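Engineer: Dropping in model05.cif, with mmCIF, C-alpha atoms.
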```cif
data_upload
#
loop_
_atom_site.label_atom_id
_atom_site.label_comp_id
_atom_site.auth_asym_id
_atom_site.auth_seq_id
_atom_site.Cartn_x
_atom_site.Cartn_y
_atom_site.Cartn_z
CA MET A 30 93.75 54.03 -202.02
CA ALA A 31 92.91 57.08 -200.01
CA GLY A 32 95.77 59.22 -201.36
CA ARG A 33 97.97 59.79 -198.36
CA GLY A 34 98.80 63.39 -197.92
CA LYS A 35 98.07 65.32 -201.04
CA LEU A 36 99.36 68.87 -201.26
CA ILE A 37 97.58 72.15 -201.77
CA ALA A 38 99.08 74.08 -204.69
CA VAL A 39 98.79 77.85 -205.05
CA ILE A 40 98.96 79.99 -208.18
CA GLY A 41 98.59 83.59 -207.13
CA ASP A 42 100.05 87.01 -206.74
CA GLU A 43 102.76 87.65 -204.22
CA ASP A 44 100.50 88.48 -201.31
CA THR A 45 98.29 85.45 -201.80
CA CYS A 46 101.25 83.12 -202.03
CA THR A 47 102.96 84.63 -198.99
CA GLY A 48 99.82 84.28 -196.96
CA PHE A 49 99.24 80.67 -197.86
CA LEU A 50 102.86 79.75 -197.41
CA LEU A 51 102.66 81.17 -193.91
CA GLY A 52 99.57 79.02 -193.48
CA GLY A 53 101.85 76.08 -194.19
CA VAL A 54 100.98 74.70 -197.59
CA GLY A 55 104.27 75.18 -199.37
CA GLU A 56 106.59 72.32 -200.20
CA LEU A 57 109.46 71.55 -202.50
CA ASN A 58 109.36 68.07 -203.90
CA LYS A 59 112.29 65.78 -204.72
CA ASN A 60 113.34 67.80 -207.77
CA ARG A 61 113.23 71.06 -205.81
CA LYS A 62 110.05 71.95 -207.62
CA PRO A 63 107.68 74.08 -205.57
CA ASN A 64 103.94 73.52 -205.39
CA PHE A 65 103.21 77.20 -205.82
CA LEU A 66 103.75 79.91 -208.41
CA VAL A 67 104.07 83.59 -207.66
CA VAL A 68 102.49 85.44 -210.54
CA GLU A 69 103.81 88.93 -211.09
CA LYS A 70 102.87 91.59 -213.61
CA ASP A 71 105.40 90.31 -216.10
CA THR A 72 104.69 86.59 -215.84
CA SER A 73 103.65 85.29 -219.24
CA ILE A 74 100.41 83.48 -219.79
CA THR A 75 102.22 80.49 -221.24
CA GLU A 76 104.24 80.11 -218.07
CA ILE A 77 101.12 80.21 -215.94
CA GLU A 78 99.43 77.68 -218.20
CA GLU A 79 102.48 75.39 -218.15
CA THR A 80 102.64 75.46 -214.37
CA PHE A 81 98.92 74.80 -214.13
CA LYS A 82 99.20 71.81 -216.46
CA SER A 83 102.22 70.49 -214.56
CA PHE A 84 100.27 70.74 -211.30
CA LEU A 85 97.46 68.77 -212.90
CA ALA A 86 99.87 66.12 -214.05
CA ARG A 87 101.44 65.67 -210.61
CA ASN A 88 99.65 63.04 -208.64
CA ASP A 89 100.58 64.42 -205.22
CA ILE A 90 98.52 67.59 -205.58
CA GLY A 91 94.93 67.39 -204.38
CA ILE A 92 93.78 71.01 -204.54
CA ILE A 93 94.91 73.91 -206.73
CA LEU A 94 94.10 77.39 -205.42
CA ILE A 95 94.19 80.06 -208.08
CA ASN A 96 93.42 83.75 -207.98
CA GLN A 97 90.37 84.62 -209.99
CA PHE A 98 92.04 87.17 -212.20
CA ILE A 99 94.73 84.65 -213.11
CA ALA A 100 92.07 82.05 -213.74
CA GLU A 101 90.54 84.45 -216.24
CA MET A 102 93.82 84.46 -218.17
CA ILE A 103 93.95 80.70 -218.53
CA ARG A 104 90.18 80.18 -218.62
CA HIS A 105 90.35 77.71 -221.49
CA ALA A 106 92.79 75.45 -219.68
CA ILE A 107 90.66 75.48 -216.54
CA ASP A 108 87.47 74.78 -218.44
CA GLY A 109 89.17 71.85 -220.10
CA HIS A 110 89.91 70.22 -216.77
CA VAL A 111 86.93 68.05 -216.00
CA GLN A 112 88.25 65.49 -213.54
CA SER A 113 87.32 65.80 -209.91
CA ILE A 114 90.87 65.51 -208.56
CA PRO A 115 92.80 67.79 -208.35
CA ALA A 116 90.07 70.26 -207.40
CA VAL A 117 90.55 73.74 -208.85
CA LEU A 118 89.35 76.47 -206.53
CA GLU A 119 89.13 80.12 -207.55
CA ILE A 120 89.89 82.58 -204.76
CA PRO A 121 89.67 86.35 -204.76
CA SER A 122 92.73 88.52 -204.52
CA LYS A 123 93.19 91.83 -202.80
CA GLU A 124 92.45 93.92 -205.85
CA HIS A 125 89.82 91.70 -207.38
CA PRO A 126 87.02 90.65 -205.06
CA TYR A 127 85.17 87.43 -205.69
CA ASP A 128 82.94 87.39 -208.73
CA ALA A 129 80.60 84.42 -208.88
CA SER A 130 79.71 84.81 -212.54
CA LYS A 131 83.25 84.07 -213.63
CA ASP A 132 83.74 80.92 -211.60
CA SER A 133 84.01 78.03 -214.02
CA ILE A 134 82.57 75.48 -211.61
CA LEU A 135 79.45 77.52 -210.97
CA ARG A 136 79.01 78.09 -214.68
CA ARG A 137 78.62 74.37 -215.11
CA ALA A 138 75.62 74.50 -212.81
CA LYS A 139 73.44 74.36 -215.88
CA GLY A 140 70.88 77.10 -215.62
CA MET A 141 70.55 76.98 -211.85
CA PHE A 142 72.64 80.02 -212.21
CA SER A 143 70.25 82.92 -212.20
CA ALA A 144 68.54 83.21 -208.85
CA ASP A 145 71.01 81.69 -206.44
CA ASP A 146 74.32 83.34 -207.03
CA PHE A 147 73.78 87.01 -206.79
CA ARG A 148 72.69 87.17 -203.22
CA MET B 29 70.41 53.84 -235.10
CA SER B 30 67.43 52.66 -237.18
CA GLY B 31 64.24 53.53 -235.47
CA LYS B 32 61.81 50.82 -236.51
CA ASP B 33 63.77 47.86 -235.23
CA ARG B 34 62.62 44.79 -233.43
CA ILE B 35 64.53 41.88 -232.02
CA ASP B 36 64.86 39.04 -234.54
CA VAL B 37 63.19 36.02 -233.03
CA PHE B 38 61.28 33.01 -234.24
CA PRO B 39 57.69 33.79 -233.30
CA SER B 40 56.45 31.19 -230.87
CA ARG B 41 54.56 31.15 -227.61
CA MET B 42 57.65 30.49 -225.53
CA VAL B 43 59.46 33.47 -227.04
CA GLN B 44 56.40 35.55 -226.34
CA THR B 45 56.55 34.69 -222.64
CA ILE B 46 60.26 35.44 -222.58
CA MET B 47 59.70 38.81 -224.23
CA LYS B 48 56.97 39.68 -221.77
CA ALA B 49 59.34 38.93 -218.89
CA ARG B 50 62.01 41.09 -220.50
CA LEU B 51 59.59 43.96 -220.89
CA LYS B 52 58.72 43.75 -217.23
CA GLY B 53 62.42 43.73 -216.35
CA ALA B 54 63.12 46.79 -218.50
CA GLN B 55 60.28 48.72 -216.93
CA THR B 56 61.42 47.91 -213.40
CA GLY B 57 64.96 48.88 -214.32
CA ARG B 58 63.80 52.19 -215.72
CA ASN B 59 61.85 53.02 -212.56
CA LEU B 60 64.78 52.19 -210.31
CA LEU B 61 67.13 54.34 -212.37
CA LYS B 62 64.66 57.19 -212.31
CA LYS B 63 64.59 57.00 -208.52
CA LYS B 64 68.38 57.01 -208.41
CA ALA B 65 68.51 60.05 -210.69
CA ASP B 66 66.03 61.84 -208.46
CA ALA B 67 68.01 61.09 -205.31
CA LEU B 68 71.21 62.28 -206.96
CA SER B 69 69.58 65.49 -208.19
CA MET B 70 68.31 66.26 -204.71
CA ARG B 71 71.78 65.78 -203.24
CA PHE B 72 73.21 67.84 -206.09
CA ARG B 73 70.98 70.80 -205.33
CA GLN B 74 71.84 70.62 -201.64
CA ILE B 75 75.54 70.67 -202.44
CA LEU B 76 75.13 73.57 -204.84
CA ARG B 77 73.43 75.62 -202.15
CA LYS B 78 76.15 74.79 -199.69
CA ILE B 79 78.82 75.73 -202.20
CA ILE B 80 77.32 79.17 -202.73
CA GLU B 81 77.12 79.74 -198.97
CA THR B 82 80.69 78.63 -198.45
CA LYS B 83 81.99 80.71 -201.32
CA THR B 84 80.54 83.89 -199.86
CA LYS B 85 81.97 83.00 -196.47
CA MET B 86 85.28 82.33 -198.13
CA GLY B 87 85.22 85.74 -199.76
CA GLU B 88 84.99 87.33 -196.33
CA VAL B 89 87.62 85.13 -194.73
CA MET B 90 90.05 85.87 -197.55
CA ARG B 91 89.45 89.58 -197.18
CA GLU B 92 90.17 89.43 -193.49
CA ALA B 93 93.29 87.40 -194.11
CA ALA B 94 94.46 89.92 -196.70
CA PHE B 95 93.96 92.73 -194.19
CA SER B 96 96.01 90.97 -191.57
CA LEU B 97 98.69 90.41 -194.20
CA ALA B 98 98.79 94.13 -194.88
CA GLU B 99 98.98 94.84 -191.15
CA ALA B 100 101.76 92.36 -190.68
CA LYS B 101 103.69 93.80 -193.57
CA PHE B 102 103.31 97.19 -192.05
CA ALA B 103 104.53 95.99 -188.70
CA ALA B 104 107.19 93.49 -189.63
CA GLY B 105 108.46 94.81 -192.94
CA ASP B 106 108.44 92.90 -196.16
CA PHE B 107 108.95 89.24 -195.36
CA SER B 108 107.53 87.84 -198.59
CA THR B 109 110.89 86.97 -200.09
CA THR B 110 112.06 85.27 -196.90
CA VAL B 111 108.88 83.27 -196.72
CA ILE B 112 109.13 82.19 -200.34
CA GLN B 113 112.75 81.19 -200.01
CA ASN B 114 112.23 79.21 -196.82
CA VAL B 115 109.84 76.68 -198.25
CA ASN B 116 110.77 73.08 -197.70
CA LYS B 117 108.03 70.89 -196.19
CA ALA B 118 104.29 71.48 -196.05
CA GLN B 119 102.59 71.33 -192.70
CA VAL B 120 99.06 71.16 -193.98
CA LYS B 121 98.11 68.40 -196.31
CA VAL B 122 94.84 66.90 -197.47
CA ARG B 123 93.60 63.35 -197.68
CA ALA B 124 91.01 62.11 -200.13
CA LYS B 125 88.32 59.95 -198.52
CA ARG B 126 85.50 58.27 -200.38
CA ASP B 127 81.89 59.02 -199.47
CA ASN B 128 78.93 57.10 -200.89
CA VAL B 129 75.68 58.75 -201.96
CA ALA B 130 72.96 56.65 -203.61
CA GLY B 131 75.55 54.36 -205.08
CA VAL B 132 77.93 57.06 -206.28
CA THR B 133 81.35 57.37 -204.61
CA LEU B 134 82.24 60.98 -204.02
CA PRO B 135 85.76 62.11 -203.08
CA VAL B 136 85.90 64.17 -199.89
CA PHE B 137 88.95 66.11 -198.75
CA GLU B 138 90.09 66.06 -195.18
CA HIS B 139 92.90 68.27 -194.08
CA TYR B 140 95.46 67.33 -191.47
CA GLN B 141 98.53 68.80 -189.89
CA GLU B 142 101.90 67.24 -190.24
CA GLY B 143 105.13 68.38 -188.74
CA GLY B 144 105.85 71.62 -186.98
CA ASP B 145 105.53 75.23 -188.02
CA SER B 146 108.46 76.10 -190.25
CA TYR B 147 107.82 79.81 -189.97
CA GLU B 148 108.16 80.01 -186.26
CA LEU B 149 111.01 82.45 -186.47
CA THR B 150 109.40 84.82 -188.94
CA GLY B 151 108.55 88.11 -187.36
CA LEU B 152 110.79 87.40 -184.44
CA ALA B 153 112.37 90.80 -184.90
CA ARG B 154 109.27 92.92 -185.29
CA GLY B 155 105.55 92.43 -185.55
CA GLY B 156 105.53 88.92 -184.10
CA GLU B 157 101.93 89.19 -182.97
CA GLN B 158 100.70 90.33 -186.37
CA VAL B 159 102.55 87.54 -188.06
CA SER B 160 101.13 84.91 -185.77
CA ARG B 161 97.64 86.34 -186.22
CA LEU B 162 98.24 86.28 -189.95
CA LYS B 163 99.27 82.65 -189.78
CA ARG B 164 96.14 81.78 -187.86
CA ASN B 165 93.94 83.63 -190.31
CA TYR B 166 95.44 81.90 -193.27
CA ALA B 167 95.23 78.52 -191.54
CA ARG B 168 91.52 79.12 -191.02
CA ALA B 169 91.19 80.16 -194.65
CA VAL B 170 92.91 76.95 -195.71
CA GLU B 171 90.48 74.84 -193.69
CA LEU B 172 87.53 76.57 -195.27
CA LEU B 173 89.04 76.19 -198.70
CA VAL B 174 89.59 72.48 -198.20
CA GLU B 175 85.93 72.10 -197.31
CA LEU B 176 85.00 74.11 -200.38
CA ALA B 177 87.19 71.91 -202.54
CA SER B 178 85.44 68.80 -201.23
CA LEU B 179 82.08 70.32 -202.08
CA GLN B 180 83.30 71.25 -205.51
CA THR B 181 84.61 67.79 -206.34
CA SER B 182 81.41 66.16 -205.15
CA PHE B 183 79.54 68.67 -207.28
CA VAL B 184 81.46 67.79 -210.41
CA THR B 185 81.28 64.02 -209.81
CA LEU B 186 77.55 64.18 -209.08
CA ASP B 187 76.98 66.21 -212.21
CA GLU B 188 78.61 63.48 -214.30
CA ALA B 189 76.75 60.72 -212.50
CA ILE B 190 73.40 62.42 -213.00
CA LYS B 191 74.08 62.90 -216.70
CA ILE B 192 74.97 59.21 -217.11
CA THR B 193 71.94 58.00 -215.19
CA ASN B 194 69.60 60.24 -217.16
CA ARG B 195 71.13 59.02 -220.37
CA ARG B 196 70.47 55.42 -219.33
CA VAL B 197 66.87 56.18 -218.32
CA ASN B 198 66.24 57.78 -221.68
CA ALA B 199 67.85 54.90 -223.51
CA ILE B 200 65.64 52.38 -221.76
CA GLU B 201 62.54 54.46 -222.19
CA HIS B 202 62.97 55.43 -225.83
CA VAL B 203 64.88 52.54 -227.32
CA ILE B 204 64.76 49.31 -225.34
CA ILE B 205 61.13 49.29 -224.28
CA PRO B 206 59.71 50.27 -227.70
CA ARG B 207 61.90 47.62 -229.29
CA ILE B 208 60.58 44.90 -227.01
CA GLU B 209 57.02 46.10 -227.52
CA ARG B 210 57.45 45.99 -231.28
CA THR B 211 58.83 42.46 -231.01
CA LEU B 212 55.81 41.44 -228.95
CA THR B 213 53.35 42.88 -231.47
CA TYR B 214 55.25 41.14 -234.24
CA ILE B 215 55.05 37.78 -232.44
CA ILE B 216 51.36 38.22 -231.76
CA THR B 217 50.60 39.11 -235.37
CA GLU B 218 52.65 36.15 -236.61
CA LEU B 219 50.90 33.75 -234.28
CA ASP B 220 47.49 35.09 -235.30
CA GLU B 221 48.36 34.79 -238.93
CA ARG B 222 49.56 31.23 -238.45
CA GLU B 223 46.31 30.39 -236.74
CA ARG B 224 44.38 31.92 -239.59
CA GLU B 225 46.42 29.94 -242.07
CA GLU B 226 45.73 26.75 -240.18
CA PHE B 227 42.05 27.55 -240.10
CA TYR B 228 42.01 28.38 -243.78
CA ARG B 229 43.90 25.21 -244.64
CA LEU B 230 41.47 23.14 -242.59
CA LYS B 231 38.51 24.71 -244.30
CA LYS B 232 40.03 24.09 -247.73
CA ILE B 233 40.64 20.45 -246.94
CA GLN B 234 37.12 19.99 -245.72
CA GLU B 235 35.81 21.54 -248.88
CA LYS B 236 37.95 19.32 -251.02
CA LYS B 237 36.76 16.27 -249.14
CA LYS B 238 33.19 17.29 -249.61
CA GLN B 239 33.71 17.79 -253.32
CA LEU B 240 35.38 14.42 -253.60
CA ARG B 241 32.54 12.76 -251.79
CA GLU B 242 29.94 14.42 -253.99
CA ARG B 243 31.80 13.38 -257.08
CA THR B 244 32.03 9.72 -256.04
CA GLU B 245 28.33 9.68 -255.22
CA LEU B 246 27.51 11.04 -258.66
CA GLU B 247 29.65 8.38 -260.28
CA ILE B 248 28.01 5.56 -258.36
CA ALA B 249 24.58 6.89 -259.23
CA ALA B 250 25.57 7.09 -262.94
CA ARG B 251 26.87 3.51 -262.98
CA LEU B 252 23.81 2.15 -261.30
CA ALA B 253 21.63 3.91 -263.87
CA LYS B 254 23.66 2.33 -266.71
CA LEU B 255 23.09 -1.16 -265.38
CA GLY B 256 19.46 -0.73 -266.19
CA PRO B 257 16.30 -1.69 -264.37
CA ILE B 258 17.97 -4.50 -262.48
CA ALA B 259 18.57 -2.49 -259.52
CA GLU B 260 19.61 -5.34 -257.37
CA PRO B 261 22.80 -7.36 -257.45
CA SER B 262 22.74 -10.88 -258.95
CA ASN B 263 21.53 -13.71 -256.69
CA MET B 264 23.74 -16.78 -256.80
CA LEU B 265 21.10 -19.15 -255.42
CA MET B 266 18.62 -18.45 -258.21
CA GLU B 267 21.07 -18.98 -261.03
CA GLU B 268 19.96 -22.16 -263.04
CA MET B 269 22.65 -22.66 -265.50
CA ASP B 270 26.23 -22.61 -264.60
CA GLU B 271 28.40 -22.14 -267.55
CA ASP B 272 31.03 -24.73 -267.94
CA MET B 273 34.16 -22.84 -268.11
CA LEU B 274 36.73 -25.54 -268.24
CA PHE B 275 35.57 -28.16 -270.72
CA GLU B 276 33.71 -26.14 -273.36
#
```
Take the structure in the file and give it back as structure tokens.

Structural biologist:
Amino acid sequence: MAGRGKLIAVIGDEDTCTGFLLGGVGELNKNRKPNFLVVEKDTSITEIEETFKSFLARNDIGIILINQFIAEMIRHAIDGHVQSIPAVLEIPSKEHPYDASKDSILRRAKGMFSADDFR
Amino acid sequence: MSGKDRIDVFPSRMVQTIMKARLKGAQTGRNLLKKKADALSMRFRQILRKIIETKTKMGEVMREAAFSLAEAKFAAGDFSTTVIQNVNKAQVKVRAKRDNVAGVTLPVFEHYQEGGDSYELTGLARGGEQVSRLKRNYARAVELLVELASLQTSFVTLDEAIKITNRRVNAIEHVIIPRIERTLTYIITELDEREREEFYRLKKIQEKKKQLRERTELEIAARLAKLGPIAEPSNMLMEEMDEDMLFE
């Protein structure tokens, strides 16, 4: 079953979420639950982790976009997710540019790490 | 797992042939798996390179999109809350297709549009051009990100597949084949020993027979000697007196 129409979820700061919502990825499902989470300075780590886990549990989400600095906060939850779908993608935010050494997917590239990434 | 194991079989020539065939099969299997692991590793490295390229490109695209967001905010005011409140249906969704590489199915994401643009009226008051440019930038970013996600999932799936295949190759090489070889050596030694036993038994029997024969010859010679100088058996024709047995 080719998974008709999976959604793209977003966990990010306000600017990231606004941008992607304008790009057209946002949706509220039957229970009025959104597929995105706006993380502010006062959002607790538990809430972020809960939302992340709920996104993983939903079977209509194919990709989860998450800002890298937020991914750092729930690093253990992300490292624990080993299935291929939904795909977890770390994106940079305005204040924190992309840092390849923190990306959990690239870290799993067992030792091919050294030469390639820091170009 | 005990190291010095062999398969428990009754050592016979037929089993030996069967074991030889099994050994051949295991070796062929190991070579095929090794080839599969090599093909997967090659594909894996390609994908890794592509991922790194795409990630750097993504970094730039995101930066540009963030700039246009700042511009739009400057021009149109703060529309974040309106945008967040007006979410109802997604226009961009992804589909998971299956791709096949050297026998491994990899999931690939394909994005597609559905429905109209629900933010058509945003920025109608001010900064419409910035907002539409912003939308385009973010749409492009989403496309790139979908491609990146496909690469990432294939990466993860391939990683698992390579680990499994390597595990199987090692299992065949270090457990199955030595076990079969040990069984073969065992069968050969048993058959040799049986042959030796047969040979030994045969030799023993021959010896015994020879001894028996020698002994009987000695006995005959002894008896003949006891009979005295008459070395020949009695002649019935020359016998003169017949003893009367009945009426005496």

Engineer: Quick one: which chain B residues come within 6 Å of chain A, and what is the nearest atom pair for each with the distance in Å to one decimal, counting all atoms listed in the file, rows ordered by chain and ascending number, as a tab-separated table?

Structural biologist:
```
residue	atom	partner	partner_atom	distance
B:Ser108	CA	A:Thr47	CA	5.6
B:Val115	CA	A:Glu56	CA	5.8
B:Asn116	CA	A:Glu56	CA	4.9
B:Lys117	CA	A:Glu56	CA	4.5
B:Ala118	CA	A:Glu56	CA	4.8
B:Gln119	CA	A:Gly53	CA	5.0
B:Val120	CA	A:Val54	CA	5.4
B:Lys121	CA	A:Leu36	CA	5.1
B:Val122	CA	A:Lys35	CA	5.1
B:Arg123	CA	A:Gly34	CA	5.2
B:Ala124	CA	A:Ala31	CA	5.4
B:Lys125	CA	A:Ala31	CA	5.6
B:Lys163	CA	A:Gly52	CA	5.2
B:Tyr166	CA	A:Gly52	CA	5.0
B:Ala167	CA	A:Gly52	CA	4.8
B:Ala177	CA	A:Ala116	CA	5.9
B:Thr181	CA	A:Ser113	CA	4.9
```

Engineer: Please compute the atom CA of Glu138 of chain B-atom CA of Val39 of chain A distance, one decimal, in Å.

Structural biologist: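 Calculated distance between atom CA of Glu138 of chain B and atom CA of Val39 of chain A is 17.7 Å.
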
Engineer: In Å, rounded to a single decimal, give me how far atom CA of Ile46 of chain B is from atom CA of Asp33 of chain B.

Structural biologist: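 Pair atom CA of Asp33 of chain B / atom CA of Ile46 of chain B returns 18.1 Å.
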
Engineer: Tell me, in Å to one decimal, how far atom CA of Gln180 of chain B is from atom CA of Glu69 of chain A.

Structural biologist: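 Distance reported for this atom pair: 27.6 Å.
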
Engineer: Choose the residue, out of B:Val184, B:Phe227, B:Glu99, B:Lys238, that has the smallest atom-to-atom separation from His110 of chain A; count all atoms listed in the file.

Structural biologist: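 Of B:Val184, B:Phe227, B:Glu99, B:Lys238, the one nearest His110 of chain A, counting all atoms listed in the file, is B:Val184.
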
Engineer: Counting all atoms listed in the file, which of A:Arg136, A:Glu124, A:Ile74, A:Ile107 gets nearest to Ile95 of chain A?

Structural biologist: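 With all atoms listed in the file as the atom set, the closest residue is A:Ile107.
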
Engineer: I'd like the residues picked by the PyMOL selection byres ((chain B and resi 141-155) around 6) written out as a VMD selection string, using the chain letters and numbers from the file.

Structural biologist: chain B and resid 103 to 104 119 to 120 140 156 to 158

Engineer: Enumerate, as a PyMOL selection string, the residues matched when the PyMOL selection byres ((chain B and resi 90) around 9) is run on the file above.

Structural biologist: (chain A and resi 120-123) or (chain B and resi 85-89+91-95+165-166+169)

Engineer: Residues within 12 Å of (90.3, 82.4, -217.5), file coordinates, counting all atoms listed in the file: what are they? Give the list as a list in words.

Structural biologist: Ile74, Ile77, Glu78, Phe81, Ile95, Asn96, Gln97, Phe98, Ile99, Ala100, Glu101, Met102, Ile103, Arg104, His105, Ala106, Ile107, Asp108, Gly109, Glu119, Ser130, Lys131, Asp132, Ser133 and Ile134 of chain A

Engineer: Would you kindly translate the PyMOL selection byres ((chain B and resi 47) around 10) into the concrete residues it picks from this file, as a ChimeraX atom specification?

Structural biologist: /B:35,37,41-46,48-53,208-209,211-212,215

Engineer: Since the input is missing atoms, can you rebuild N, CA, C and O atoms for segment 84-96 of chain A and write them as a PDB file, in the frame of the given file?

Structural biologist:
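File rebuild_6.pdb, as written:
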```pdb
ATOM      1  N   PHE A  84     100.912  71.064-212.567  1.00  0.00           N
ATOM      2  CA  PHE A  84     100.270  70.740-211.300  1.00  0.00           C
ATOM      3  C   PHE A  84      99.216  69.663-211.503  1.00  0.00           C
ATOM      4  O   PHE A  84      99.055  68.750-210.706  1.00  0.00           O
ATOM      5  N   LEU A  85      98.474  69.774-212.624  1.00  0.00           N
ATOM      6  CA  LEU A  85      97.460  68.770-212.900  1.00  0.00           C
ATOM      7  C   LEU A  85      98.086  67.410-213.088  1.00  0.00           C
ATOM      8  O   LEU A  85      97.545  66.388-212.689  1.00  0.00           O
ATOM      9  N   ALA A  86      99.251  67.390-213.735  1.00  0.00           N
ATOM     10  CA  ALA A  86      99.870  66.120-214.050  1.00  0.00           C
ATOM     11  C   ALA A  86     100.457  65.451-212.807  1.00  0.00           C
ATOM     12  O   ALA A  86     100.526  64.232-212.725  1.00  0.00           O
ATOM     13  N   ARG A  87     100.865  66.256-211.824  1.00  0.00           N
ATOM     14  CA  ARG A  87     101.440  65.670-210.610  1.00  0.00           C
ATOM     15  C   ARG A  87     100.360  64.965-209.824  1.00  0.00           C
ATOM     16  O   ARG A  87      99.267  65.482-209.662  1.00  0.00           O
ATOM     17  N   ASN A  88     100.694  63.777-209.325  1.00  0.00           N
ATOM     18  CA  ASN A  88      99.650  63.040-208.640  1.00  0.00           C
ATOM     19  C   ASN A  88      99.690  63.250-207.127  1.00  0.00           C
ATOM     20  O   ASN A  88      98.958  62.612-206.385  1.00  0.00           O
ATOM     21  N   ASP A  89     100.565  64.191-206.657  1.00  0.00           N
ATOM     22  CA  ASP A  89     100.580  64.420-205.220  1.00  0.00           C
ATOM     23  C   ASP A  89      99.908  65.732-204.861  1.00  0.00           C
ATOM     24  O   ASP A  89     100.029  66.214-203.747  1.00  0.00           O
ATOM     25  N   ILE A  90      99.209  66.325-205.858  1.00  0.00           N
ATOM     26  CA  ILE A  90      98.520  67.590-205.580  1.00  0.00           C
ATOM     27  C   ILE A  90      97.030  67.315-205.587  1.00  0.00           C
ATOM     28  O   ILE A  90      96.489  66.789-206.552  1.00  0.00           O
ATOM     29  N   GLY A  91      96.359  67.650-204.475  1.00  0.00           N
ATOM     30  CA  GLY A  91      94.930  67.390-204.380  1.00  0.00           C
ATOM     31  C   GLY A  91      94.085  68.604-204.710  1.00  0.00           C
ATOM     32  O   GLY A  91      93.020  68.502-205.279  1.00  0.00           O
ATOM     33  N   ILE A  92      94.568  69.787-204.330  1.00  0.00           N
ATOM     34  CA  ILE A  92      93.780  71.010-204.540  1.00  0.00           C
ATOM     35  C   ILE A  92      94.684  72.046-205.182  1.00  0.00           C
ATOM     36  O   ILE A  92      95.847  72.171-204.818  1.00  0.00           O
ATOM     37  N   ILE A  93      94.149  72.800-206.145  1.00  0.00           N
ATOM     38  CA  ILE A  93      94.910  73.910-206.730  1.00  0.00           C
ATOM     39  C   ILE A  93      94.125  75.187-206.441  1.00  0.00           C
ATOM     40  O   ILE A  93      92.974  75.333-206.882  1.00  0.00           O
ATOM     41  N   LEU A  94      94.740  76.107-205.679  1.00  0.00           N
ATOM     42  CA  LEU A  94      94.100  77.390-205.420  1.00  0.00           C
ATOM     43  C   LEU A  94      94.632  78.376-206.435  1.00  0.00           C
ATOM     44  O   LEU A  94      95.826  78.443-206.674  1.00  0.00           O
ATOM     45  N   ILE A  95      93.724  79.135-207.045  1.00  0.00           N
ATOM     46  CA  ILE A  95      94.190  80.060-208.080  1.00  0.00           C
ATOM     47  C   ILE A  95      93.413  81.361-207.959  1.00  0.00           C
ATOM     48  O   ILE A  95      92.198  81.343-207.730  1.00  0.00           O
ATOM     49  N   ASN A  96      94.107  82.468-208.058  1.00  0.00           N
ATOM     50  CA  ASN A  96      93.420  83.750-207.980  1.00  0.00           C
ATOM     51  C   ASN A  96      92.486  83.913-209.160  1.00  0.00           C
ATOM     52  O   ASN A  96      92.797  83.470-210.270  1.00  0.00           O
TER      53      ASN A  96
END
```
